[in-house]
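Novice: Just passing along the structure, written as C-alpha cells.
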Amino acid sequence: MEENLGFDFLFKKMPQLSPLQFMWSTMAATCWFTSGFYQVGSIFTQYTPPHRCQNELDRRFRNESGHHSISYEAGLFSTEGLKNPSCQMYNISWSRLCPMEEEQEALECAKNFFKDADLTELEVISCDKNVFDITRVLNRRRKLQVTTEFNLVCDRAHFSSILTSCFMAGMFLGVVLGGLIMDRFGRKLACLTGQLGSVVINLAIAFSNSISIYAALRFFAAFFSMVQATSCFVYCVEIIGPKYRTWMGNWAAVLFTFGFMCISPIVTIFKDWREMQIAFSFAPIPFIAIYFWILPNSAAWLYSVGKFEEAKSAVKNIAYQLNVKGIDEDFLEKLEAEVKNCQKKAIVGKKYTQLDLIKSAGMRRTTITICIFWFCLVTLYYGLTFGMSNLGGNVIYTNLGFGVAEAFGFGTVSFLIDQPSFGRRKGNMYIAAFATAGCFSAFIGDLLQLSMLKIVSAFVGKLGASAAFGVAYIYASELFPTPMRGIGVGTASACGRIGGVLSPFIADFSRFASYLPFALFTVFGLALISATYFLPETLSMPMLISKDQAEDFYRVSYGRKDNRKEEELLKI
C-alpha cells in the first residue's frame with residue numbers, strides 16, 4: 001500500500017530545504033531573536049544589587065545633584081551584629097552623637113562609636129529606604145534598575161518575583177490565544193500582529209511611572225511575544241520538508257539564544273533601565289516588513305483549513321521562486337487528493353478548539369502527557385534562568401556563559417534526536433537526565449559550599465534544559481495534526497507557562513535556603529524524564545494532516561487494538 005504523505009507529498013517535487021527556504025525560515029525565526037530580549041531582559045532591568053539601609057548620615061550629606069554622597073561601602077559601619085544587614089539597622093540618633101558638619105569626620109565618629117558600643121543594648125529597626133552598591137553594576141546613575149527605582153527590596157522584595165510571574169502569565173495567555181489566532185487567521189498575520197504589539201507595548205513600558213503600570217504592560221508584552229514566537233515557529237516547520245524540520249526548529253531556538261546574549265553588550269551601552277527597554281522595543285522594527293511583503297503564505301495552513309484554490313496559488317508562487325519544474329495542475333490535483341485523503345473523515349475547514357484535544361482517547365492521552373512534559377521543562381528552564389543572579393559573580397558574564405551553553409545545547413540536540421537509535425523520545429530522556437544530573441550536582445555543591453561545583457553544575461543543568469527545549473517545540477508540532485497544530489502546541493506551551501509563573505518564586509527560595517531551588521529542579525527533572533517515557537516516537541513520521549490520521553497514529557503507538565492491520569495504520 002502506498003504511503004499517504006498528506007501535505008508532505010509536495011516535497012516529492014519541491015526541495016525539502018533550499019537556500020531560499022532557509023532564508024524564509026530564518027526571517028520568520030527572527031521573532032525568536034527579538035523574544036530573547038523580552039524574556040531575559042528583566043534579569044538586568046530587575047536586577048537587585050547589594051544594598052543596605054539608608055541612615056541619618058546618608059540623608060544629611062548630599063552631593064550637588066541632591067543625592068547622598070556617602071558611598072555604599074562607607075556606610076556599612078552600622079551592620080555589625082545584625083541578622084539581616086541588608087534590611088536592618090540600629091536606631092541611632094547620629095545628629096546627636098556625631099553632629100560634625102564634615103562628612104569624613106562624621107563617618108569616623110560613627111565608626112568609633114561602634115568600637116565601644118554594646119550592640120545588645122541597641123534597638124534594631126527595619127529600613128524605610130535603601131542605598132545600593134552601584135559598583136556592582138556598570139554605571140553610577142541612581143535609577144538604574146526597576147528594583148532600585150521602585151525600592152523592591154526587603155519587605156518589598158517579593159514584588160520582583162511577582163513582576164516576573166506577571167510576565168510568565170502573559171506568556172501563558174499568549175500561547176493559548178496565539179494558537180487560536182494562527183490557526184484561524186494564518187501564520188503570517190499572527191507573526192505580524194505579535195511583532196507590532198511587541199514594539200508598542202515594550203516602548204510603553206519604558207515610560208512606566210508606577211509598579212502597577214509596569215506589571216500590567218509586562219503582562220501584555222509577554223502576550224505579544226508568545227503570539228509571535230509560537231506562530232513563527234510553526235511557520236518555520238511548515239515551509240520546509242520533514243527531513244530538516246528538527247534542524248530548522250533548533251535554528252530558531254539558537255536565534256533566541258543569540259537574542260538574549262546580545263543583552264549583555266546592550267546593558268554596557270545604555271545606563272538606565274528605561275534606555276535598555278527602549279532599545280529592546282526597537283529590536284523587531286527591521287524585521288516587520290519581512291512578514292508582510294517577503295514571506296510566502298503557509299500552503300500547509302491553507303490546505304488544512306480547506307482553502308484549496310489559495311493553497312494552489314501559494315504552492316505555485318513558492319515553486320516559481322524556487323525555480324522548481326513539474327508543479328503543474330496534474331501534480332496539484334494529486335497533492336489536493338493526498339490532503340483530502342487524510343481529511344476524509346474530518347470536516348474540512350472545521351474550527352478546532354482546546355476541547356477537541358481531550359475528546360478522543362489517543363488525543364487526550366497525548367495532550368495530557370505533553371502538557372506535563374512542558375510544565376516540568378519550562379519550570380526547570382526558567383527557574384535556572386531567573387536564578388542566574390543567585391550564582392554569584394558578574395551577571396553580565398553569567399548571561400553570556402548561559403547563552404553559550406544554551407546555543408551548544410540547541411546546536412547539538414539535532415544530531416541526537418535525528419539518530420534512529422535515539423529519536424525524539426529516547427533522545428529527550430537522555431537529555432533530561434543530563435539536566436537533572438546537573439541540578440542534583442548543584443544541590444550537592446551548595447550543601448558542601450563548593451561554589452565552583454555549584455556554578456559549573458548549574459551551567460550543565462542549563463545546557464541540558466536548553467537542549468530539551470530544542471526538542472520540545474519539534475516534538476509537540478509532530479504530535480498534533482495540521483488543523484490542530486497551533487492549538488496543540490499552544491496548549492502544551494501554555495501548560496509550560498504555568499510552570500514559568502511558579503519558576504521565579506522557586507528561584508527566590510534561595511533567600512531561605514540556597515540549596516532549595518536546585519533540590520526542587522532535580523524533582524522536576526525526574527518528572528520530565530517520566531513524562532517523556534510515555535510519549536510516542538515521531539522520528540521520520542510524515543506530517544499529520546487530520547485528526548483521524550493522528551488518532552490512527554496514537555492507536556498504533558499506544559498499542560490499542562483496531563480492526564485494521566497494524567501495517568496499514570503505520571502507513572499514514
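Following the order of the C-alpha cells, chains are lettered A, B, ..., residues in each are numbered from 1, and ligands are numbered from 1.
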Would you kindly return, as a PyMOL selection string, each protein, DNA or RNA residue with an atom no farther than 10 Å from any atom of Arg274 of chain A, considering only C-alpha atoms and excluding same-chain residues fewer than 4 positions away?

Specialist: chain A and resi 45+143-146+203-208+270+278-280

Novice: When you look at Asp418 of chain A with a cut-off of 10 Å (counting only C-alpha atoms), what residues show up, excluding the ones that are within fewer than 3 positions of it in the same chain? I need them as a PyMOL selection string.

Specialist: chain A and resi 243-244+246-247+413-415+421-424+427+539-540

Novice: For segment 257-259 of chain A, list every protein, DNA or RNA residue within 6 Å, evaluated using only C-alpha atoms, and leave out those in the same chain fewer than 5 positions away; present the list as a count of residues only.

Specialist: 5

Novice: If you count only C-alpha atoms, which residues fall within 9 Å of segment 373-376 of chain A, apart from same-chain ones fewer than 2 positions away, as a PyMOL selection string?

Specialist: chain A and resi 368-371+378-381+469+472+492-500+521+524-532

Novice: Neighbours of Gly41 of chain A within 12 Å (only C-alpha atoms; same-chain residues fewer than 6 positions away dropped), as number ranges by chain?

Specialist: A: 34-35, 47, 145-146, 164, 167, 202, 218, 221-222, 259-267, 273-274, 276-281, 385-386, 395-396, 399

Novice: The selected residues should be written to file as a compact mmCIF listing (two decimals), in the first residue's frame (atoms: N, CA and C atoms).

Specialist:
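Dumped to out-v9.txt:
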# COMPACT_ATOMS: atom_id res chain seq x y z
N THR A 34 14.13 38.38 18.71
CA THR A 34 13.62 39.50 19.49
C THR A 34 12.94 39.04 20.78
N SER A 35 12.37 37.84 20.78
CA SER A 35 11.77 37.32 22.02
C SER A 35 12.82 37.12 23.10
N TYR A 47 17.38 43.56 38.04
CA TYR A 47 18.49 43.05 38.84
C TYR A 47 18.56 43.78 40.19
N GLN A 145 17.94 50.22 37.78
CA GLN A 145 17.04 49.10 37.61
C GLN A 145 15.65 49.42 38.15
N VAL A 146 14.71 48.59 37.75
CA VAL A 146 13.35 48.71 38.28
C VAL A 146 13.38 48.54 39.79
N THR A 164 7.90 39.16 37.57
CA THR A 164 8.31 38.10 36.65
C THR A 164 7.17 37.13 36.41
N PHE A 167 4.76 38.48 33.92
CA PHE A 167 5.25 38.27 32.56
C PHE A 167 4.97 36.84 32.10
N ASN A 202 6.34 47.29 24.53
CA ASN A 202 7.65 47.42 25.17
C ASN A 202 8.14 48.86 25.19
N ARG A 218 4.05 44.66 31.25
CA ARG A 218 4.89 43.46 31.09
C ARG A 218 4.03 42.24 30.76
N ALA A 221 3.23 42.58 27.13
CA ALA A 221 4.45 42.38 26.35
C ALA A 221 4.72 40.89 26.18
N ALA A 222 4.53 40.13 27.24
CA ALA A 222 4.72 38.68 27.17
C ALA A 222 3.69 38.04 26.25
N GLY A 259 19.68 36.26 20.76
CA GLY A 259 18.95 37.44 21.20
C GLY A 259 19.27 37.81 22.63
N PHE A 260 19.17 36.84 23.54
CA PHE A 260 19.42 37.22 24.94
C PHE A 260 20.91 37.38 25.24
N MET A 261 21.79 36.79 24.42
CA MET A 261 23.22 37.07 24.59
C MET A 261 23.54 38.52 24.21
N CYS A 262 22.80 39.06 23.24
CA CYS A 262 23.03 40.45 22.83
C CYS A 262 22.67 41.44 23.93
N ILE A 263 21.91 40.99 24.92
CA ILE A 263 21.54 41.89 26.02
C ILE A 263 22.79 42.33 26.78
N SER A 264 23.75 41.43 26.94
CA SER A 264 24.94 41.75 27.74
C SER A 264 25.68 42.97 27.22
N PRO A 265 26.00 43.06 25.91
CA PRO A 265 26.64 44.30 25.45
C PRO A 265 25.70 45.51 25.48
N ILE A 266 24.40 45.28 25.30
CA ILE A 266 23.45 46.40 25.31
C ILE A 266 23.45 47.09 26.67
N VAL A 267 23.48 46.31 27.75
CA VAL A 267 23.41 46.93 29.08
C VAL A 267 24.70 47.65 29.44
N TRP A 273 17.52 51.58 33.09
CA TRP A 273 16.63 50.51 32.66
C TRP A 273 15.64 50.99 31.60
N ARG A 274 15.28 52.27 31.64
CA ARG A 274 14.36 52.80 30.64
C ARG A 274 15.02 52.85 29.26
N MET A 276 17.45 50.84 28.33
CA MET A 276 17.51 49.44 27.91
C MET A 276 16.18 49.02 27.30
N GLN A 277 15.08 49.38 27.94
CA GLN A 277 13.76 48.97 27.49
C GLN A 277 13.43 49.55 26.12
N ILE A 278 13.81 50.79 25.89
CA ILE A 278 13.58 51.40 24.57
C ILE A 278 14.38 50.65 23.50
N ALA A 279 15.62 50.29 23.83
CA ALA A 279 16.44 49.52 22.89
C ALA A 279 15.78 48.18 22.58
N PHE A 280 15.25 47.51 23.61
CA PHE A 280 14.57 46.23 23.39
C PHE A 280 13.35 46.41 22.48
N SER A 281 12.61 47.50 22.68
CA SER A 281 11.36 47.69 21.94
C SER A 281 11.59 47.91 20.45
N THR A 385 17.20 30.00 34.69
CA THR A 385 17.47 31.31 34.08
C THR A 385 17.30 32.44 35.08
N PHE A 386 16.17 32.44 35.79
CA PHE A 386 15.90 33.52 36.75
C PHE A 386 16.78 33.42 37.99
N VAL A 395 26.72 39.23 36.62
CA VAL A 395 25.56 38.67 35.94
C VAL A 395 25.66 38.84 34.42
N ILE A 396 26.41 39.84 33.96
CA ILE A 396 26.59 40.05 32.52
C ILE A 396 27.37 38.89 31.91
N ASN A 399 25.32 35.67 32.04
CA ASN A 399 24.35 35.61 30.96
C ASN A 399 25.00 35.14 29.66
